[in-house]
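Everything below concerns the one structure shown next.
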Amino acid sequence: MDLETYYIATLTLILVVGMGAQVFGRLTRIPSILILLLIGILAGPAGFNFVRPELFGEGIRAIVAIAVVIIVFEGSININIGALGALSRGMLLLVGLGSLITFVGFTLTAHYVAQLSWPISALLGSILTATGPTVITPLVRQSHIKHRVAKLLEFEGVFNDAISIILAATVFEWVLFESGLHGGLFSLIFRLLSGLGIGVAGGLVLRYVLSSESLKKQTAKLFTLAFIFMLYTISDLLASSSGLLAVASCGLMVGVSTCTLVRSVDVHHKESIREFKEDLTVILIAVIFILLAAYFRPEHLVVIGWRGVVVVLMLMFVIRPIAVLTSTYASHELSLKESLFISLTGPRGVVPASMAVYFAMRLTNNPMATSIMVGMVFLTVIFTVVFASVFTRLAASRMGMVSMEMCIVGGGSIGRILAERFVKRGERVVVIDSEEENCRIAKQLGAEAVHGDAAEVRVLKKAGIQRAKYLIVTTNLDNTNLLVCQLAKSKFGLDGDRIVARVNNPENLKAFKDMGVRAMSPALSTVITIENLIDRPDLLSTEVSMELDIVERRLSNPELFDKPIRELALDECLVILVKRGEESYVPKGDFVLKEGDYITLIGKGRNVREAAALIG
């Protein structure tokens with residue numbers, strides 16, 4: 001077989017097997033990276049010796065670089081900082097301080113525990129600082145993690161990758177080629193500033209170009225692809241290895257919905273560009289991981305031995321928790337449970353593996369260093385991905401990290417207020433609306449948005465209605481609301497308790513109730529409320545503001561059975577009603593709770609949710 005035919009056959013095999021692994025991973029919920037790693041090892045010299053990376057020569061570096069650029073841009077464009085303003089300090093600390101603690105901690109551990117040299121320890125520490133967005137994103141989506149926790153993990157993954165690339169390149173230059181201390185630090189700062197500056201400037205330019213209404217979808221996709229590679233090249237030429245940070249910064253600027261610098265610019269075709277990049281990312285991950293896994297040899301694990309396993313375990317259960325807890329404690333923005341969950345969710349992915357092979361190709365005169373580097377990185381990828389896959393799903397529900405997915409049909413005034421409240425509660429919200437402006441506003445509030453007619457099965461599927469905890473139908477057309485409720489029940493199997501509908505004409509209430517869905521009429525509710533304000537003003541004298549929530553939970557915590565309310569130790573939260581069987585009570589402090597009581601709480605968002613979690 002000539003070389004040209006071999007290249008085509010190898011890439012064809014990689015694409016076919018890679019796509020199969022992606023499909024299999026979705027069906028089984030096994031991370032496709034693990035499947036791709038196994039296939040790559042079996043197809044490489046350690047297995048059937050069909051995929052031989054050395055035959056690709058220097059071209060494999062270009063393949064790796066192209067893939068990583070697209071993967072990082074795809075990840076960063078999906079992050080909407082405008083919707084995460086409350087976490088801005090926590091994000092910066094996690095990416096900055098957290099990365100520094102991880103780098104220093106791993107370097108020291110690798111040197112003293114695994115007895116590796118300082119150069120290799122520092123290089124591995126810089127490489128393994130990066131968490132993998134290509135692993136984290138599908139994991140948090142499959143596990144339905146709380147919105148803000150999921151976005152924080154995704155943000156960390158995208159920017160840790162970029163910082164890790166620059167840090168690793170600097171360490172490689174500074175330690176292995178013995179550039180001076182001051183030169184290394186200056187080089188790091190210069191690369192960081194160059195990457196950020198070029199990326200932000202490029203993002204503003206790209207937003208301006210994409211704001212043109214005359215730009216067609218296909219042109220927008222191709223222009224964006226060409227632009228990010230041009231940006232990567234310019235940044236890398238100006239400051240070596242800063243291109244990835246520039247691409248990440250550019251993607252963030254394009255993805256952001258609200259920002260002081262870009263508030264007046266409306267980016268068109270953003271969803272099409274996202275979908276295009278996602279499609280490319282799926283293909284490139286398959287290509288990269290199979291090619292990179294082919295570099296793996298069993299003797300690499302023999303070289304690092306049991307000490308390497310100890311180092312990986314310390315990274316997972318000591319170094320990362322310290323880094324995350326220190327960063328989040330300093331920001332005061334996350335609860336202890338949220339911080340613990342994030343600290344134990346740190347899978348390593350495509351960028352560490354790519355860098356390991358890239359540096360291994362440049363260390364041809366030091367085979368021992370190559371073996372240690374490749375072995376340690378692949379061991380870390382496998383351990384962290386397997387643990388995260390198992391831990392994320394099991395711990396999410398036990399630690400209260402699972403969001404109630406809310407699918408809201410109608411992004412008008414009612415749907416918008418509901419979306420804002422649910423997002424503040426940490427739920428994952430999807431808004432369906434036929435108006436692009438309503439979708440844009442929903443995204444600004446932190447919700448996901450699907451543009452289309454909710455009466456179409458295709459649109460409901462795209463919004464993920466089959467995963468929704470509740471479907472809330474709020475349009476001002478009763479016919480549309482009724483049809484959506486029918487589709488939800490007949491096509492997607494949602495029961496009536498999971499569907500809440502707005503009925504604009506009170507005469508149509510019976511049709512909704514006959515269908516078995518929960519429905520309310522704003523007009524009728526307004527009339528009743530006004531009547532109560534006139535006849536029973538004391539009943540409605542207390543206003544429940546946007547800052548307060550009312551929650552009902554069934555008492556199922558055995559530790560609270562037969563205890564008086566005063567012993568609940570509720571923080572800024574009150575028990576206003578207890579329903580026991582057919583009886584309802586307005587309780588005092590000495591009221592004793594019983595198993596199965598339905599308790600109604602009122603309080604500030606986080607406080608009332610924590611109290612509800614304690615009760616049930």
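Ordered as shown in the structure tokens, chains take letters A, B, and onward, while each chain numbers its residues from 1 and ligands are numbered from 1 in the order shown.
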### Message
With only C-alpha atoms as the counted atoms, please give the residues lying no more than 9 Å from segment 154-164 of chain A, apart from itself and same-chain residues fewer than 6 positions off, as a PyMOL selection string.
### Response
chain A and resi 71-73+75-76+78-79+91-92+94-96+99+126-134+136-137+140+192+242-249+346+348+351-352
### Query
Which of these residues is nearest to Phe48 of chain A, using only C-alpha atoms: A:Met253, A:Ala455, A:Ala294, A:Ala9?
A:Ala294
Env of Asn479 of chain A: 12 Å cut, atoms = only C-alpha atoms, seq-sep filter 3 positions within chain, self excluded. Answer as a short mmCIF file (atom, residue, chain, number, x, y, z; two decimals) with all heavy atoms, in the first residue's frame.
data_model
loop_
_atom_site.label_atom_id
_atom_site.label_comp_id
_atom_site.auth_asym_id
_atom_site.auth_seq_id
_atom_site.Cartn_x
_atom_site.Cartn_y
_atom_site.Cartn_z
N ALA A 454 -43.27 26.19 18.80
CA ALA A 454 -43.36 25.11 19.79
C ALA A 454 -44.42 24.08 19.43
O ALA A 454 -44.46 22.99 20.02
CB ALA A 454 -43.66 25.69 21.18
N ALA A 455 -45.28 24.39 18.47
CA ALA A 455 -46.29 23.42 18.04
C ALA A 455 -45.71 22.37 17.11
O ALA A 455 -46.42 21.46 16.68
CB ALA A 455 -47.46 24.15 17.36
N VAL A 473 -46.31 26.42 29.69
CA VAL A 473 -46.78 27.00 28.43
C VAL A 473 -47.40 28.35 28.72
O VAL A 473 -48.41 28.44 29.44
CB VAL A 473 -47.81 26.06 27.75
CG1 VAL A 473 -48.12 26.56 26.34
CG2 VAL A 473 -47.28 24.64 27.70
N THR A 474 -46.81 29.43 28.16
CA THR A 474 -47.20 30.78 28.58
C THR A 474 -47.56 31.71 27.42
O THR A 474 -47.59 32.93 27.62
CB THR A 474 -46.07 31.44 29.39
OG1 THR A 474 -44.96 31.72 28.51
CG2 THR A 474 -45.61 30.57 30.54
N THR A 475 -47.79 31.20 26.22
CA THR A 475 -48.08 32.11 25.11
C THR A 475 -49.45 32.75 25.30
O THR A 475 -50.27 32.30 26.11
CB THR A 475 -48.05 31.38 23.75
OG1 THR A 475 -49.26 30.63 23.57
CG2 THR A 475 -46.86 30.45 23.64
N ASN A 476 -49.75 33.78 24.51
CA ASN A 476 -51.04 34.47 24.64
C ASN A 476 -52.10 33.90 23.70
O ASN A 476 -53.12 34.52 23.44
CB ASN A 476 -50.87 35.98 24.41
CG ASN A 476 -50.24 36.26 23.04
OD1 ASN A 476 -50.03 35.36 22.23
ND2 ASN A 476 -49.94 37.53 22.80
N LEU A 482 -52.86 24.81 24.02
CA LEU A 482 -53.55 23.52 24.10
C LEU A 482 -52.85 22.48 23.22
O LEU A 482 -52.67 21.32 23.63
CB LEU A 482 -55.01 23.70 23.67
CG LEU A 482 -55.98 22.57 24.00
CD1 LEU A 482 -56.11 22.39 25.50
CD2 LEU A 482 -57.35 22.84 23.37
N LEU A 483 -52.44 22.89 22.02
CA LEU A 483 -51.77 21.97 21.11
C LEU A 483 -50.43 21.50 21.68
O LEU A 483 -50.08 20.32 21.61
CB LEU A 483 -51.56 22.64 19.75
CG LEU A 483 -50.81 21.82 18.69
CD1 LEU A 483 -51.52 20.49 18.43
CD2 LEU A 483 -50.68 22.61 17.39
N VAL A 484 -49.67 22.43 22.28
CA VAL A 484 -48.38 22.06 22.87
C VAL A 484 -48.57 21.08 24.02
O VAL A 484 -47.83 20.10 24.15
CB VAL A 484 -47.63 23.33 23.37
CG1 VAL A 484 -46.39 22.94 24.17
CG2 VAL A 484 -47.24 24.21 22.19
N CYS A 485 -49.59 21.31 24.84
CA CYS A 485 -49.88 20.38 25.94
C CYS A 485 -50.24 19.00 25.41
O CYS A 485 -49.80 17.97 25.96
CB CYS A 485 -51.02 20.91 26.80
SG CYS A 485 -50.62 22.42 27.71
N GLN A 486 -51.02 18.95 24.33
CA GLN A 486 -51.39 17.67 23.73
C GLN A 486 -50.17 16.93 23.20
O GLN A 486 -50.02 15.72 23.39
CB GLN A 486 -52.40 17.89 22.59
CG GLN A 486 -53.79 18.26 23.07
CD GLN A 486 -54.72 18.57 21.91
OE1 GLN A 486 -54.28 19.02 20.84
NE2 GLN A 486 -56.03 18.37 22.12
N ALA A 501 -50.04 25.30 32.37
CA ALA A 501 -50.41 26.10 31.20
C ALA A 501 -51.08 27.40 31.61
O ALA A 501 -51.83 27.45 32.59
CB ALA A 501 -51.34 25.30 30.29
N ARG A 502 -50.82 28.42 30.83
CA ARG A 502 -51.52 29.70 30.96
C ARG A 502 -52.75 29.67 30.06
O ARG A 502 -52.66 29.30 28.89
CB ARG A 502 -50.58 30.83 30.53
CG ARG A 502 -51.27 32.18 30.33
CD ARG A 502 -50.30 33.16 29.66
NE ARG A 502 -50.91 34.45 29.38
CZ ARG A 502 -50.32 35.43 28.72
NH1 ARG A 502 -49.07 35.26 28.26
NH2 ARG A 502 -50.93 36.57 28.50
N VAL A 503 -53.90 30.05 30.61
CA VAL A 503 -55.15 30.09 29.85
C VAL A 503 -55.60 31.55 29.78
O VAL A 503 -55.93 32.16 30.80
CB VAL A 503 -56.25 29.22 30.50
CG1 VAL A 503 -57.51 29.24 29.64
CG2 VAL A 503 -55.75 27.80 30.69
N ASN A 504 -55.61 32.11 28.58
CA ASN A 504 -55.90 33.53 28.42
C ASN A 504 -57.39 33.83 28.56
O ASN A 504 -57.78 34.83 29.14
CB ASN A 504 -55.38 34.01 27.06
CG ASN A 504 -53.88 33.81 26.94
OD1 ASN A 504 -53.09 34.60 27.44
ND2 ASN A 504 -53.46 32.72 26.29
N ASN A 505 -58.21 32.96 28.03
CA ASN A 505 -59.66 33.11 28.14
C ASN A 505 -60.18 32.17 29.21
O ASN A 505 -60.08 30.94 29.07
CB ASN A 505 -60.32 32.80 26.79
CG ASN A 505 -61.81 33.09 26.79
OD1 ASN A 505 -62.42 33.28 27.85
ND2 ASN A 505 -62.40 33.12 25.60
N ASN A 508 -61.85 28.83 28.55
CA ASN A 508 -61.12 27.66 28.03
C ASN A 508 -60.48 26.82 29.14
O ASN A 508 -59.82 25.82 28.85
CB ASN A 508 -60.02 28.12 27.06
CG ASN A 508 -60.60 28.77 25.82
OD1 ASN A 508 -61.68 28.41 25.37
ND2 ASN A 508 -59.85 29.71 25.24
N LEU A 509 -60.63 27.22 30.38
CA LEU A 509 -60.00 26.49 31.48
C LEU A 509 -60.44 25.03 31.51
O LEU A 509 -59.63 24.13 31.75
CB LEU A 509 -60.37 27.15 32.83
CG LEU A 509 -59.41 28.21 33.36
CD1 LEU A 509 -60.01 28.91 34.57
CD2 LEU A 509 -58.06 27.61 33.70
N ALA A 511 -61.23 23.01 29.09
CA ALA A 511 -60.57 22.19 28.08
C ALA A 511 -59.19 21.71 28.55
O ALA A 511 -58.80 20.56 28.33
CB ALA A 511 -60.43 22.98 26.78
N PHE A 512 -58.47 22.59 29.24
CA PHE A 512 -57.15 22.23 29.75
C PHE A 512 -57.28 21.23 30.91
O PHE A 512 -56.54 20.25 30.98
CB PHE A 512 -56.40 23.47 30.22
CG PHE A 512 -55.87 24.31 29.09
CD1 PHE A 512 -56.67 25.26 28.47
CD2 PHE A 512 -54.56 24.15 28.64
CE1 PHE A 512 -56.19 26.03 27.43
CE2 PHE A 512 -54.07 24.93 27.60
CZ PHE A 512 -54.89 25.88 26.99
#
### Message
Let me make sure I understand: among A:Leu55, A:Met19, A:Leu153, A:Leu252, which one has the smallest atom-to-atom distance to Ser339 of chain A if we use only C-alpha atoms?
### Response
A:Leu153
Among segment 401-475 of chain A, which residues carry a DSSP assignment of alpha helix (DSSP H), reported as a PDB file with N, CA and C atoms, in the first residue's frame?
ATOM      1  N   SER A 413     -43.543  38.468  28.411  1.00  0.00           N
ATOM      2  CA  SER A 413     -43.310  39.017  29.752  1.00  0.00           C
ATOM      3  C   SER A 413     -43.417  37.953  30.834  1.00  0.00           C
ATOM      4  N   ILE A 414     -44.416  37.068  30.762  1.00  0.00           N
ATOM      5  CA  ILE A 414     -44.588  36.047  31.793  1.00  0.00           C
ATOM      6  C   ILE A 414     -43.464  35.010  31.716  1.00  0.00           C
ATOM      7  N   GLY A 415     -43.213  34.488  30.511  1.00  0.00           N
ATOM      8  CA  GLY A 415     -42.143  33.500  30.350  1.00  0.00           C
ATOM      9  C   GLY A 415     -40.789  34.049  30.735  1.00  0.00           C
ATOM     10  N   ARG A 416     -40.572  35.327  30.455  1.00  0.00           N
ATOM     11  CA  ARG A 416     -39.297  35.971  30.758  1.00  0.00           C
ATOM     12  C   ARG A 416     -39.066  36.064  32.267  1.00  0.00           C
ATOM     13  N   ILE A 417     -40.102  36.475  33.005  1.00  0.00           N
ATOM     14  CA  ILE A 417     -39.976  36.590  34.465  1.00  0.00           C
ATOM     15  C   ILE A 417     -39.767  35.222  35.091  1.00  0.00           C
ATOM     16  N   LEU A 418     -40.510  34.228  34.603  1.00  0.00           N
ATOM     17  CA  LEU A 418     -40.336  32.867  35.108  1.00  0.00           C
ATOM     18  C   LEU A 418     -38.912  32.367  34.851  1.00  0.00           C
ATOM     19  N   ALA A 419     -38.417  32.590  33.630  1.00  0.00           N
ATOM     20  CA  ALA A 419     -37.065  32.150  33.281  1.00  0.00           C
ATOM     21  C   ALA A 419     -36.033  32.789  34.198  1.00  0.00           C
ATOM     22  N   GLU A 420     -36.187  34.083  34.458  1.00  0.00           N
ATOM     23  CA  GLU A 420     -35.239  34.799  35.324  1.00  0.00           C
ATOM     24  C   GLU A 420     -35.245  34.226  36.734  1.00  0.00           C
ATOM     25  N   ARG A 421     -36.425  33.928  37.260  1.00  0.00           N
ATOM     26  CA  ARG A 421     -36.526  33.396  38.614  1.00  0.00           C
ATOM     27  C   ARG A 421     -35.925  31.995  38.700  1.00  0.00           C
ATOM     28  N   PHE A 422     -36.238  31.161  37.727  1.00  0.00           N
ATOM     29  CA  PHE A 422     -35.709  29.793  37.748  1.00  0.00           C
ATOM     30  C   PHE A 422     -34.189  29.774  37.587  1.00  0.00           C
ATOM     31  N   VAL A 423     -33.655  30.649  36.741  1.00  0.00           N
ATOM     32  CA  VAL A 423     -32.198  30.730  36.562  1.00  0.00           C
ATOM     33  C   VAL A 423     -31.529  31.149  37.864  1.00  0.00           C
ATOM     34  N   LYS A 424     -32.130  32.124  38.573  1.00  0.00           N
ATOM     35  CA  LYS A 424     -31.568  32.569  39.852  1.00  0.00           C
ATOM     36  C   LYS A 424     -31.581  31.448  40.882  1.00  0.00           C
ATOM     37  N   GLU A 436     -37.111  36.053  17.471  1.00  0.00           N
ATOM     38  CA  GLU A 436     -35.674  36.052  17.754  1.00  0.00           C
ATOM     39  C   GLU A 436     -35.331  36.994  18.912  1.00  0.00           C
ATOM     40  N   GLU A 437     -36.041  38.109  19.008  1.00  0.00           N
ATOM     41  CA  GLU A 437     -35.753  39.076  20.068  1.00  0.00           C
ATOM     42  C   GLU A 437     -36.021  38.470  21.440  1.00  0.00           C
ATOM     43  N   ASN A 438     -37.111  37.725  21.572  1.00  0.00           N
ATOM     44  CA  ASN A 438     -37.421  37.076  22.852  1.00  0.00           C
ATOM     45  C   ASN A 438     -36.371  36.023  23.208  1.00  0.00           C
ATOM     46  N   CYS A 439     -35.879  35.319  22.189  1.00  0.00           N
ATOM     47  CA  CYS A 439     -34.814  34.327  22.425  1.00  0.00           C
ATOM     48  C   CYS A 439     -33.536  35.009  22.884  1.00  0.00           C
ATOM     49  N   ARG A 440     -33.238  36.155  22.280  1.00  0.00           N
ATOM     50  CA  ARG A 440     -32.031  36.887  22.650  1.00  0.00           C
ATOM     51  C   ARG A 440     -32.106  37.363  24.100  1.00  0.00           C
ATOM     52  N   ILE A 441     -33.258  37.862  24.499  1.00  0.00           N
ATOM     53  CA  ILE A 441     -33.430  38.338  25.881  1.00  0.00           C
ATOM     54  C   ILE A 441     -33.330  37.170  26.856  1.00  0.00           C
ATOM     55  N   ALA A 442     -33.910  36.026  26.485  1.00  0.00           N
ATOM     56  CA  ALA A 442     -33.844  34.840  27.354  1.00  0.00           C
ATOM     57  C   ALA A 442     -32.397  34.431  27.598  1.00  0.00           C
ATOM     58  N   LYS A 443     -31.569  34.515  26.568  1.00  0.00           N
ATOM     59  CA  LYS A 443     -30.148  34.158  26.714  1.00  0.00           C
ATOM     60  C   LYS A 443     -29.433  35.156  27.615  1.00  0.00           C
ATOM     61  N   GLN A 444     -29.814  36.422  27.519  1.00  0.00           N
ATOM     62  CA  GLN A 444     -29.215  37.428  28.397  1.00  0.00           C
ATOM     63  C   GLN A 444     -29.507  37.117  29.862  1.00  0.00           C
ATOM     64  N   VAL A 457     -43.121  19.228  16.530  1.00  0.00           N
ATOM     65  CA  VAL A 457     -42.433  18.191  17.313  1.00  0.00           C
ATOM     66  C   VAL A 457     -40.926  18.374  17.235  1.00  0.00           C
ATOM     67  N   ARG A 458     -40.432  18.766  16.062  1.00  0.00           N
ATOM     68  CA  ARG A 458     -38.984  18.948  15.869  1.00  0.00           C
ATOM     69  C   ARG A 458     -38.422  19.990  16.821  1.00  0.00           C
ATOM     70  N   VAL A 459     -39.145  21.089  17.001  1.00  0.00           N
ATOM     71  CA  VAL A 459     -38.686  22.168  17.875  1.00  0.00           C
ATOM     72  C   VAL A 459     -38.708  21.723  19.335  1.00  0.00           C
ATOM     73  N   LEU A 460     -39.754  21.004  19.728  1.00  0.00           N
ATOM     74  CA  LEU A 460     -39.838  20.511  21.098  1.00  0.00           C
ATOM     75  C   LEU A 460     -38.708  19.534  21.397  1.00  0.00           C
ATOM     76  N   LYS A 461     -38.369  18.680  20.420  1.00  0.00           N
ATOM     77  CA  LYS A 461     -37.244  17.750  20.601  1.00  0.00           C
ATOM     78  C   LYS A 461     -35.941  18.503  20.761  1.00  0.00           C
ATOM     79  N   LYS A 462     -35.758  19.541  19.948  1.00  0.00           N
ATOM     80  CA  LYS A 462     -34.525  20.326  20.017  1.00  0.00           C
ATOM     81  C   LYS A 462     -34.379  20.989  21.380  1.00  0.00           C
TER      82      LYS A 462
END
